[in-house]
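Enquirer: Let me give you the structure first, and then I'll get to my questions.
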Amino acid sequence: MPRPLTLAAAQLGPIPRSQSRAEVVQRLLGLMRDAAKRGCDLIVFPEAALTAFFPHWWIEDEAELDSWFETSMPSNETAPLFEEARRSGIGFHLGYCELTLEGGRKRRFNTAILVDKAGRIVGKYRKIHLPGHADHQPHRPFQNLEKRYFEVGDLGWRAWATMGGVMGMMICNDRRWPEAWRVLGLQGVELVMLGYNTPQHDPAMPQTDPLQDFHNHLSMQAGCYANGTWAVCTAKAGEEEGVMQIGGSCIIAPSGQIVAQALTRGDELVVATCDLDACRPYKETMFNFARHRRPEHYRMIVERTGSVAPD
Ligand code: ING
């Protein structure tokens, strides 16, 4: 029997570094209320949805760096999101940058949480694939210092049974790596939520600039199809502090088809009603992992990190 969920990708336009978290939360609340009015069960906000994407900047001062992180979730500024979720009966995914004291030391992660309709944090994910570089590269028009500012996530890719389905998360660069999708697929995931901040220009590979939107959808459509899952994929888009970022927020079916997508690079709600049971045919036939996978031939995927060409 069908298991429909009405889902929303809540794309954000730029967040100026001058915009306070309270002001950003007002934008998120507006999108959440709009989604609730449209009968949504769940709304997916982007990666690092509370601030400008500061990994694009070289920051020397530790106090300044820490000012871009959340030290509690919910916090005073973000509590209204949890209250609105409860009031409107809508779950949400939120990407933010997490600063925590664990094992007696400061730890910084690029994090996302899944909050249910009662406003409870059901799951948390910390970004594993950190792109870019750890050193200052002043010749570049902008930096990508995630390897410097964040630790590799330590929670793995987990799936949770919640809101009538099996749900999981990944963040931005993770979506380009089939391994992230497969680990969730091996847990029976039916809905993957992810946010991204993706510049139109890649200083390391400028020849791919015209292909950023294509590569974005290619990665996610392939991930959905090969694992028989829905995905709600949400951009922080537009020109943010001098860096133009792609939009293309979308909702993708287990067939790999894009069922709805953003038309702008601003704040925009992308909505679709998705039957989680549409995953079943793919999971039970074409991608019936138990029947078709041959892990005995996949060892190299786990045992080898970099590629090694034959002599
Ligand atoms: N961003 C990018 C991503 O994988 C990137 C990395 C930078 C891609 C520049 C293309 C161009 O979409 C994050 N935050 O992972």
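Ligands are numbered from 1 in the order shown, chains are lettered A, B, ... in the order of the structure tokens, and residues start at 1 in each chain.
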May I have the residues within 10 Å of Pro4 of chain A as a list of chain:residue names, using only C-alpha atoms and disregarding those fewer than 5 positions away in the same chain?

Expert: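 In the requested form, the answer reads A:Asp41, A:Gly164, A:Gly165, A:Ala272, A:Thr273, A:Cys274, A:Asp275, A:Leu276, A:Asp277, A:Ala278.
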
Enquirer: Write the selection just made, keeping all heavy atoms, as a compact mmCIF listing (two decimals), in the first residue's frame?

Expert:
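Result saved to again_28.txt:
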# COMPACT_ATOMS: atom_id res chain seq x y z
N ASP A 41 5.38 17.06 4.94
CA ASP A 41 5.72 16.29 6.15
C ASP A 41 7.14 16.59 6.61
O ASP A 41 7.47 16.39 7.79
CB ASP A 41 5.63 14.78 5.84
CG ASP A 41 4.21 14.37 5.45
OD1 ASP A 41 3.35 14.42 6.35
OD2 ASP A 41 3.96 14.05 4.27
N GLY A 164 7.64 6.92 9.10
CA GLY A 164 7.05 5.93 8.19
C GLY A 164 7.99 5.40 7.13
O GLY A 164 7.57 4.70 6.20
N GLY A 165 9.27 5.73 7.24
CA GLY A 165 10.21 5.21 6.24
C GLY A 165 11.61 5.06 6.82
O GLY A 165 11.83 5.29 8.00
N ALA A 272 7.21 18.03 -3.60
CA ALA A 272 6.63 16.89 -4.34
C ALA A 272 6.09 15.89 -3.33
O ALA A 272 6.64 15.76 -2.23
CB ALA A 272 7.68 16.22 -5.22
N THR A 273 5.02 15.19 -3.72
CA THR A 273 4.51 14.10 -2.89
C THR A 273 5.11 12.81 -3.42
O THR A 273 5.02 12.53 -4.62
CB THR A 273 2.97 14.05 -2.92
OG1 THR A 273 2.49 15.26 -2.31
CG2 THR A 273 2.45 12.86 -2.11
N CYS A 274 5.79 12.09 -2.52
CA CYS A 274 6.62 10.95 -2.93
C CYS A 274 6.11 9.69 -2.21
O CYS A 274 6.02 9.68 -0.99
CB CYS A 274 8.07 11.22 -2.52
SG CYS A 274 8.67 12.82 -3.13
N ASP A 275 5.85 8.65 -2.98
CA ASP A 275 5.42 7.38 -2.39
C ASP A 275 6.65 6.55 -2.08
O ASP A 275 7.34 6.08 -2.99
CB ASP A 275 4.49 6.64 -3.38
CG ASP A 275 4.07 5.27 -2.83
OD1 ASP A 275 4.38 4.96 -1.66
OD2 ASP A 275 3.44 4.51 -3.59
N LEU A 276 6.94 6.36 -0.79
CA LEU A 276 8.14 5.60 -0.42
C LEU A 276 8.08 4.18 -0.98
O LEU A 276 9.11 3.56 -1.22
CB LEU A 276 8.30 5.57 1.10
CG LEU A 276 8.55 6.92 1.78
CD1 LEU A 276 8.81 6.73 3.27
CD2 LEU A 276 9.70 7.67 1.14
N ASP A 277 6.87 3.68 -1.24
CA ASP A 277 6.77 2.33 -1.79
C ASP A 277 7.31 2.24 -3.22
O ASP A 277 7.54 1.15 -3.73
CB ASP A 277 5.32 1.85 -1.75
CG ASP A 277 5.06 1.01 -0.51
OD1 ASP A 277 5.91 1.07 0.42
OD2 ASP A 277 4.06 0.27 -0.46
N ALA A 278 7.54 3.39 -3.84
CA ALA A 278 8.11 3.37 -5.21
C ALA A 278 9.54 2.83 -5.19
O ALA A 278 10.10 2.49 -6.23
CB ALA A 278 8.09 4.78 -5.79

Enquirer: Considering only C-alpha atoms and all ligand atoms, give me a table of residues in chain A that are at most 8 Å from ligand 1, with the closest atom pair and distance in Å for each, as JSON lines.

Expert:
{"residue": "A:Glu47", "atom": "CA", "partner": "ligand 1", "partner_atom_place_in_ligand_line": "14 (N)", "distance": 7.7}
{"residue": "A:His129", "atom": "CA", "partner": "ligand 1", "partner_atom_place_in_ligand_line": "15 (O)", "distance": 7.6}
{"residue": "A:Leu130", "atom": "CA", "partner": "ligand 1", "partner_atom_place_in_ligand_line": "15 (O)", "distance": 6.4}
{"residue": "A:Pro131", "atom": "CA", "partner": "ligand 1", "partner_atom_place_in_ligand_line": "6 (C)", "distance": 5.5}
{"residue": "A:Gly132", "atom": "CA", "partner": "ligand 1", "partner_atom_place_in_ligand_line": "6 (C)", "distance": 6.7}
{"residue": "A:Asn144", "atom": "CA", "partner": "ligand 1", "partner_atom_place_in_ligand_line": "7 (C)", "distance": 6.8}
{"residue": "A:Glu146", "atom": "CA", "partner": "ligand 1", "partner_atom_place_in_ligand_line": "14 (N)", "distance": 7.6}
{"residue": "A:Ile171", "atom": "CA", "partner": "ligand 1", "partner_atom_place_in_ligand_line": "15 (O)", "distance": 7.2}
{"residue": "A:Cys172", "atom": "CA", "partner": "ligand 1", "partner_atom_place_in_ligand_line": "15 (O)", "distance": 4.5}
{"residue": "A:Asn173", "atom": "CA", "partner": "ligand 1", "partner_atom_place_in_ligand_line": "4 (O)", "distance": 3.4}
{"residue": "A:Asp174", "atom": "CA", "partner": "ligand 1", "partner_atom_place_in_ligand_line": "4 (O)", "distance": 7.1}
{"residue": "A:Arg175", "atom": "CA", "partner": "ligand 1", "partner_atom_place_in_ligand_line": "4 (O)", "distance": 7.5}
{"residue": "A:Arg176", "atom": "CA", "partner": "ligand 1", "partner_atom_place_in_ligand_line": "4 (O)", "distance": 6.8}
{"residue": "A:Tyr196", "atom": "CA", "partner": "ligand 1", "partner_atom_place_in_ligand_line": "14 (N)", "distance": 5.8}
{"residue": "A:Asn197", "atom": "CA", "partner": "ligand 1", "partner_atom_place_in_ligand_line": "14 (N)", "distance": 4.8}
{"residue": "A:Thr198", "atom": "CA", "partner": "ligand 1", "partner_atom_place_in_ligand_line": "12 (O)", "distance": 4.2}
{"residue": "A:Pro199", "atom": "CA", "partner": "ligand 1", "partner_atom_place_in_ligand_line": "11 (C)", "distance": 4.9}
{"residue": "A:Gln200", "atom": "CA", "partner": "ligand 1", "partner_atom_place_in_ligand_line": "11 (C)", "distance": 6.3}
{"residue": "A:His201", "atom": "CA", "partner": "ligand 1", "partner_atom_place_in_ligand_line": "11 (C)", "distance": 5.7}
{"residue": "A:Asp202", "atom": "CA", "partner": "ligand 1", "partner_atom_place_in_ligand_line": "11 (C)", "distance": 3.9}
{"residue": "A:Pro203", "atom": "CA", "partner": "ligand 1", "partner_atom_place_in_ligand_line": "9 (C)", "distance": 7.0}
{"residue": "A:Ala204", "atom": "CA", "partner": "ligand 1", "partner_atom_place_in_ligand_line": "9 (C)", "distance": 7.8}
{"residue": "A:Met205", "atom": "CA", "partner": "ligand 1", "partner_atom_place_in_ligand_line": "11 (C)", "distance": 7.8}
{"residue": "A:Asp209", "atom": "CA", "partner": "ligand 1", "partner_atom_place_in_ligand_line": "11 (C)", "distance": 7.7}
{"residue": "A:Gln212", "atom": "CA", "partner": "ligand 1", "partner_atom_place_in_ligand_line": "10 (C)", "distance": 6.7}
{"residue": "A:Asn216", "atom": "CA", "partner": "ligand 1", "partner_atom_place_in_ligand_line": "12 (O)", "distance": 7.3}

Enquirer: Which distance in Å separates atom CA of His93 of chain A and atom CA of Phe54 of chain A, to one decimal?

Expert: 20.3 Å

Enquirer: Closest to Leu184 of chain A among A:Met286, A:Met170, A:Val270, A:Ala260, using only C-alpha atoms?

Expert: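 Using only C-alpha atoms, Leu184 of chain A sits closest to A:Met170.
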
Enquirer: Using only C-alpha atoms, find each residue of segment 132-159 of chain A with at least one atom at most 10 Å away from an atom of segment 106-122 of chain A; report its shortest atom-to-atom pair and that distance in Å (one decimal), sort the rows by chain and rising residue number, and return the result as CSV.

Expert:
residue,atom,partner,partner_atom,distance
A:Glu146,CA,A:Asn110,CA,8.3
A:Arg148,CA,A:Arg108,CA,9.8
A:Tyr149,CA,A:Arg108,CA,6.8
A:Phe150,CA,A:Phe109,CA,4.8
A:Glu151,CA,A:Phe109,CA,5.6
A:Val152,CA,A:Phe109,CA,7.2
A:Gly153,CA,A:Phe109,CA,6.6
A:Asp154,CA,A:Phe109,CA,9.2

Enquirer: Based on the backbone DSSP call, show me all residues of segment 10-147 of chain A assigned strand (DSSP E), as a count of residues only.

Expert: 34

Enquirer: Check which residues of segment 3-88 of chain A sit at most 9 Å from segment 244-249 of chain A using only C-alpha atoms, and return one row each with the closest pair of atoms and their distance in Å to one decimal, ordered by chain and rising number, as a tab-separated table.

Expert:
residue	atom	partner	partner_atom	distance
A:Ala9	CA	A:Ser249	CA	6.6
A:Ala10	CA	A:Ser249	CA	8.0
A:Gln11	CA	A:Ser249	CA	6.3
A:Leu12	CA	A:Gly247	CA	8.7
A:Gly13	CA	A:Gly247	CA	8.5
A:Pro14	CA	A:Gln245	CA	8.5

Enquirer: Grab the residues selected above and save them as a PDB file, in the first residue's frame with N, CA and C atoms.

Expert:
ATOM      1  N   ALA A   9      12.292  20.623  -0.637  1.00  0.00           N
ATOM      2  CA  ALA A   9      13.672  21.107  -0.629  1.00  0.00           C
ATOM      3  C   ALA A   9      13.579  22.617  -0.446  1.00  0.00           C
ATOM      4  N   ALA A  10      14.147  23.115   0.654  1.00  0.00           N
ATOM      5  CA  ALA A  10      14.063  24.550   0.954  1.00  0.00           C
ATOM      6  C   ALA A  10      15.378  25.207   0.559  1.00  0.00           C
ATOM      7  N   GLN A  11      15.458  25.548  -0.719  1.00  0.00           N
ATOM      8  CA  GLN A  11      16.697  26.157  -1.219  1.00  0.00           C
ATOM      9  C   GLN A  11      16.871  27.546  -0.623  1.00  0.00           C
ATOM     10  N   LEU A  12      18.110  27.880  -0.283  1.00  0.00           N
ATOM     11  CA  LEU A  12      18.423  29.216   0.226  1.00  0.00           C
ATOM     12  C   LEU A  12      19.258  29.963  -0.802  1.00  0.00           C
ATOM     13  N   GLY A  13      18.950  31.233  -0.964  1.00  0.00           N
ATOM     14  CA  GLY A  13      19.862  32.119  -1.691  1.00  0.00           C
ATOM     15  C   GLY A  13      21.032  32.457  -0.775  1.00  0.00           C
ATOM     16  N   PRO A  14      21.877  33.391  -1.206  1.00  0.00           N
ATOM     17  CA  PRO A  14      23.081  33.698  -0.413  1.00  0.00           C
ATOM     18  C   PRO A  14      22.768  34.131   1.013  1.00  0.00           C
TER      19      PRO A  14
END

Enquirer: Record the distance separating atom CA of Met220 of chain A and atom CA of Arg3 of chain A, expressed in Å with one decimal.

Expert: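 Between atom CA of Met220 of chain A and atom CA of Arg3 of chain A the gap is 22.3 Å.
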
Enquirer: Among segment 66-292 of chain A, which ones does DSSP place in helix (DSSP H, G or I), written as JSON, numbers by chain?

Expert: {"A": [66, 79, 80, 81, 82, 83, 84, 85, 86, 87, 88, 146, 147, 148, 149, 172, 173, 174, 175, 176, 178, 179, 180, 181, 182, 183, 184, 185, 206, 207, 208, 209, 210, 211, 212, 213, 214, 215, 216, 217, 218, 219, 220, 221, 222, 223, 224, 225, 226, 227, 276, 277, 278, 279, 280, 281, 282, 283, 284, 289, 290, 291, 292]}

Enquirer: Would you pick out the contacts of Cys40 of chain A at 8 Å or less, using only C-alpha atoms, so that residues sharing its chain but fewer than 3 positions from it are not included, and give the list as a CSV table (one decimal) with N, CA and C atoms, in the first residue's frame?

Expert:
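Done, and the output landed in part-v5.csv:
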chain,number,residue,atom,x,y,z
A,5,LEU,N,4.7,10.7,1.3
A,5,LEU,CA,5.2,11.7,2.1
A,5,LEU,C,5.3,13.0,1.2
A,6,THR,N,4.9,14.1,1.7
A,6,THR,CA,5.1,15.3,0.9
A,6,THR,C,6.3,16.0,1.4
A,7,LEU,N,7.3,16.2,0.5
A,7,LEU,CA,8.7,16.6,0.9
A,7,LEU,C,9.0,18.0,0.3
A,8,ALA,N,9.8,18.7,0.9
A,8,ALA,CA,10.2,20.0,0.4
A,8,ALA,C,11.7,20.2,0.5
A,35,ALA,N,6.0,25.6,3.7
A,35,ALA,CA,5.9,24.1,3.4
A,35,ALA,C,4.8,23.5,4.2
A,36,ALA,N,4.6,23.9,5.5
A,36,ALA,CA,3.5,23.3,6.3
A,36,ALA,C,2.1,23.7,5.6
A,37,LYS,N,2.0,24.9,5.1
A,37,LYS,CA,0.8,25.3,4.5
A,37,LYS,C,0.5,24.4,3.2
A,43,ILE,N,10.9,19.0,5.6
A,43,ILE,CA,11.6,20.1,4.8
A,43,ILE,C,13.1,19.9,5.0
A,90,ILE,N,5.8,19.3,11.3
A,90,ILE,CA,6.6,19.1,10.1
A,90,ILE,C,8.1,18.8,10.6
A,271,VAL,N,8.6,21.3,-4.0
A,271,VAL,CA,7.7,20.4,-3.3
A,271,VAL,C,7.3,19.2,-4.2

Enquirer: What separation in Å, quoted to one decimal, exists between atom CA of Phe53 of chain A and atom CA of Ala235 of chain A?

Expert: 11.7 Å

Enquirer: What lies within 9 Å of His217 of chain A using only C-alpha atoms, ignoring chain neighbours under 4 positions off, as a VMD selection string?

Expert: chain A and resid 212 to 213 221 to 222 248 250 258

Enquirer: May I have a table of the residues of segment 203-282 of chain A lying at most 12 Å from segment 19-27 of chain A, giving each one's closest pair of atoms and their distance in Å to one decimal, counting only C-alpha atoms, ordered by chain and ascending residue number, as a tab-separated table?

Expert:
residue	atom	partner	partner_atom	distance
A:Glu240	CA	A:Gln19	CA	11.4
A:Glu241	CA	A:Gln19	CA	11.4
A:Gly266	CA	A:Arg27	CA	11.3
A:Asp267	CA	A:Arg27	CA	8.2
A:Glu268	CA	A:Arg27	CA	10.6
A:Leu269	CA	A:Arg27	CA	11.6

Enquirer: Report as a PyMOL selection string all protein, DNA and RNA residues lying within 9 Å of segment 224-229 of chain A, evaluated on only C-alpha atoms, omitting residues in the same chain fewer than 3 positions from it.

Expert: chain A and resi 178+181-182+184-186+188-192+219-221+252-257+276+278-283+286-287+289

Enquirer: Would you write out those residues with N, CA, C and O atoms, as a short mmCIF file (atom, residue, chain, number, x, y, z; two decimals), in the first residue's frame?

Expert:
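Output (selection.cif):
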data_model
loop_
_atom_site.label_atom_id
_atom_site.label_comp_id
_atom_site.auth_asym_id
_atom_site.auth_seq_id
_atom_site.Cartn_x
_atom_site.Cartn_y
_atom_site.Cartn_z
N PRO A 178 29.91 7.21 -4.86
CA PRO A 178 28.91 6.14 -4.81
C PRO A 178 28.95 5.35 -3.50
O PRO A 178 27.91 4.83 -3.05
N TRP A 181 26.34 6.52 -0.95
CA TRP A 181 24.98 6.08 -1.29
C TRP A 181 24.81 4.59 -0.98
O TRP A 181 23.80 4.16 -0.41
N ARG A 182 25.83 3.78 -1.32
CA ARG A 182 25.72 2.33 -1.13
C ARG A 182 25.64 1.96 0.35
O ARG A 182 24.85 1.07 0.73
N LEU A 184 24.31 3.65 2.67
CA LEU A 184 22.91 3.90 3.05
C LEU A 184 21.98 2.89 2.38
O LEU A 184 21.06 2.37 3.00
N GLY A 185 22.28 2.55 1.13
CA GLY A 185 21.45 1.57 0.41
C GLY A 185 21.46 0.22 1.10
O GLY A 185 20.44 -0.48 1.18
N LEU A 186 22.61 -0.15 1.69
CA LEU A 186 22.74 -1.44 2.39
C LEU A 186 22.00 -1.43 3.71
O LEU A 186 21.94 -2.45 4.41
N GLY A 188 18.84 -0.18 3.57
CA GLY A 188 17.47 -0.10 3.10
C GLY A 188 16.92 1.31 3.00
O GLY A 188 15.71 1.52 3.04
N VAL A 189 17.80 2.29 2.81
CA VAL A 189 17.34 3.69 2.82
C VAL A 189 16.29 3.92 1.73
O VAL A 189 16.42 3.42 0.61
N GLU A 190 15.26 4.70 2.09
CA GLU A 190 14.19 5.04 1.13
C GLU A 190 14.15 6.54 0.84
O GLU A 190 13.50 6.98 -0.11
N LEU A 191 14.81 7.31 1.70
CA LEU A 191 14.87 8.76 1.49
C LEU A 191 16.22 9.26 2.01
O LEU A 191 16.53 9.14 3.18
N VAL A 192 17.03 9.81 1.08
CA VAL A 192 18.30 10.44 1.43
C VAL A 192 18.09 11.95 1.41
O VAL A 192 17.50 12.49 0.47
N SER A 219 25.34 12.93 -10.28
CA SER A 219 25.77 12.19 -9.08
C SER A 219 24.57 11.71 -8.27
O SER A 219 24.50 10.57 -7.82
N MET A 220 23.60 12.59 -8.10
CA MET A 220 22.47 12.28 -7.21
C MET A 220 21.46 11.37 -7.90
O MET A 220 20.90 10.47 -7.27
N GLN A 221 21.25 11.57 -9.19
CA GLN A 221 20.33 10.68 -9.91
C GLN A 221 20.87 9.26 -9.93
O GLN A 221 20.13 8.29 -9.69
N ILE A 252 14.37 13.71 -6.22
CA ILE A 252 14.68 12.65 -7.19
C ILE A 252 14.04 11.34 -6.75
O ILE A 252 14.08 10.97 -5.57
N ALA A 253 13.43 10.65 -7.71
CA ALA A 253 12.73 9.38 -7.45
C ALA A 253 13.70 8.20 -7.52
O ALA A 253 14.81 8.32 -8.07
N PRO A 254 13.30 7.04 -6.99
CA PRO A 254 14.16 5.85 -7.08
C PRO A 254 14.48 5.46 -8.53
O PRO A 254 15.47 4.81 -8.80
N SER A 255 13.67 5.90 -9.46
CA SER A 255 13.95 5.67 -10.89
C SER A 255 15.13 6.49 -11.38
O SER A 255 15.64 6.27 -12.49
N GLY A 256 15.52 7.49 -10.59
CA GLY A 256 16.56 8.44 -11.01
C GLY A 256 15.97 9.69 -11.64
O GLY A 256 16.69 10.65 -11.91
N GLN A 257 14.67 9.69 -11.85
CA GLN A 257 14.03 10.88 -12.46
C GLN A 257 13.95 12.03 -11.45
O GLN A 257 13.67 11.82 -10.27
N LEU A 276 6.94 6.36 -0.79
CA LEU A 276 8.14 5.60 -0.42
C LEU A 276 8.08 4.18 -0.98
O LEU A 276 9.11 3.56 -1.22
N ALA A 278 7.54 3.39 -3.84
CA ALA A 278 8.11 3.37 -5.21
C ALA A 278 9.54 2.83 -5.19
O ALA A 278 10.10 2.49 -6.23
N CYS A 279 10.13 2.72 -3.98
CA CYS A 279 11.49 2.15 -3.86
C CYS A 279 11.46 0.63 -4.06
O CYS A 279 12.46 0.05 -4.52
N ARG A 280 10.34 0.03 -3.69
CA ARG A 280 10.30 -1.43 -3.60
C ARG A 280 10.68 -2.14 -4.90
O ARG A 280 11.53 -3.04 -4.90
N PRO A 281 10.08 -1.78 -6.05
CA PRO A 281 10.42 -2.52 -7.27
C PRO A 281 11.93 -2.55 -7.53
O PRO A 281 12.49 -3.59 -7.90
N TYR A 282 12.61 -1.42 -7.28
CA TYR A 282 14.06 -1.37 -7.53
C TYR A 282 14.81 -2.22 -6.53
O TYR A 282 15.73 -2.97 -6.85
N LYS A 283 14.36 -2.14 -5.25
CA LYS A 283 15.07 -2.89 -4.20
C LYS A 283 14.79 -4.40 -4.30
O LYS A 283 15.56 -5.21 -3.83
N MET A 286 15.83 -5.16 -9.77
CA MET A 286 17.10 -4.74 -10.38
C MET A 286 18.22 -4.62 -9.33
O MET A 286 19.35 -5.05 -9.55
N PHE A 287 17.91 -3.99 -8.18
CA PHE A 287 18.94 -3.77 -7.16
C PHE A 287 18.60 -4.54 -5.89
O PHE A 287 18.65 -4.02 -4.77
N PHE A 289 19.99 -6.39 -3.54
CA PHE A 289 21.40 -6.55 -3.15
C PHE A 289 21.70 -7.99 -2.75
O PHE A 289 22.74 -8.55 -3.13
#

Enquirer: Using only C-alpha atoms, which residue out of A:Pro55, A:Ala63, A:Gly95, A:Leu81 lies closest to Asp135 of chain A?

Expert: A:Pro55
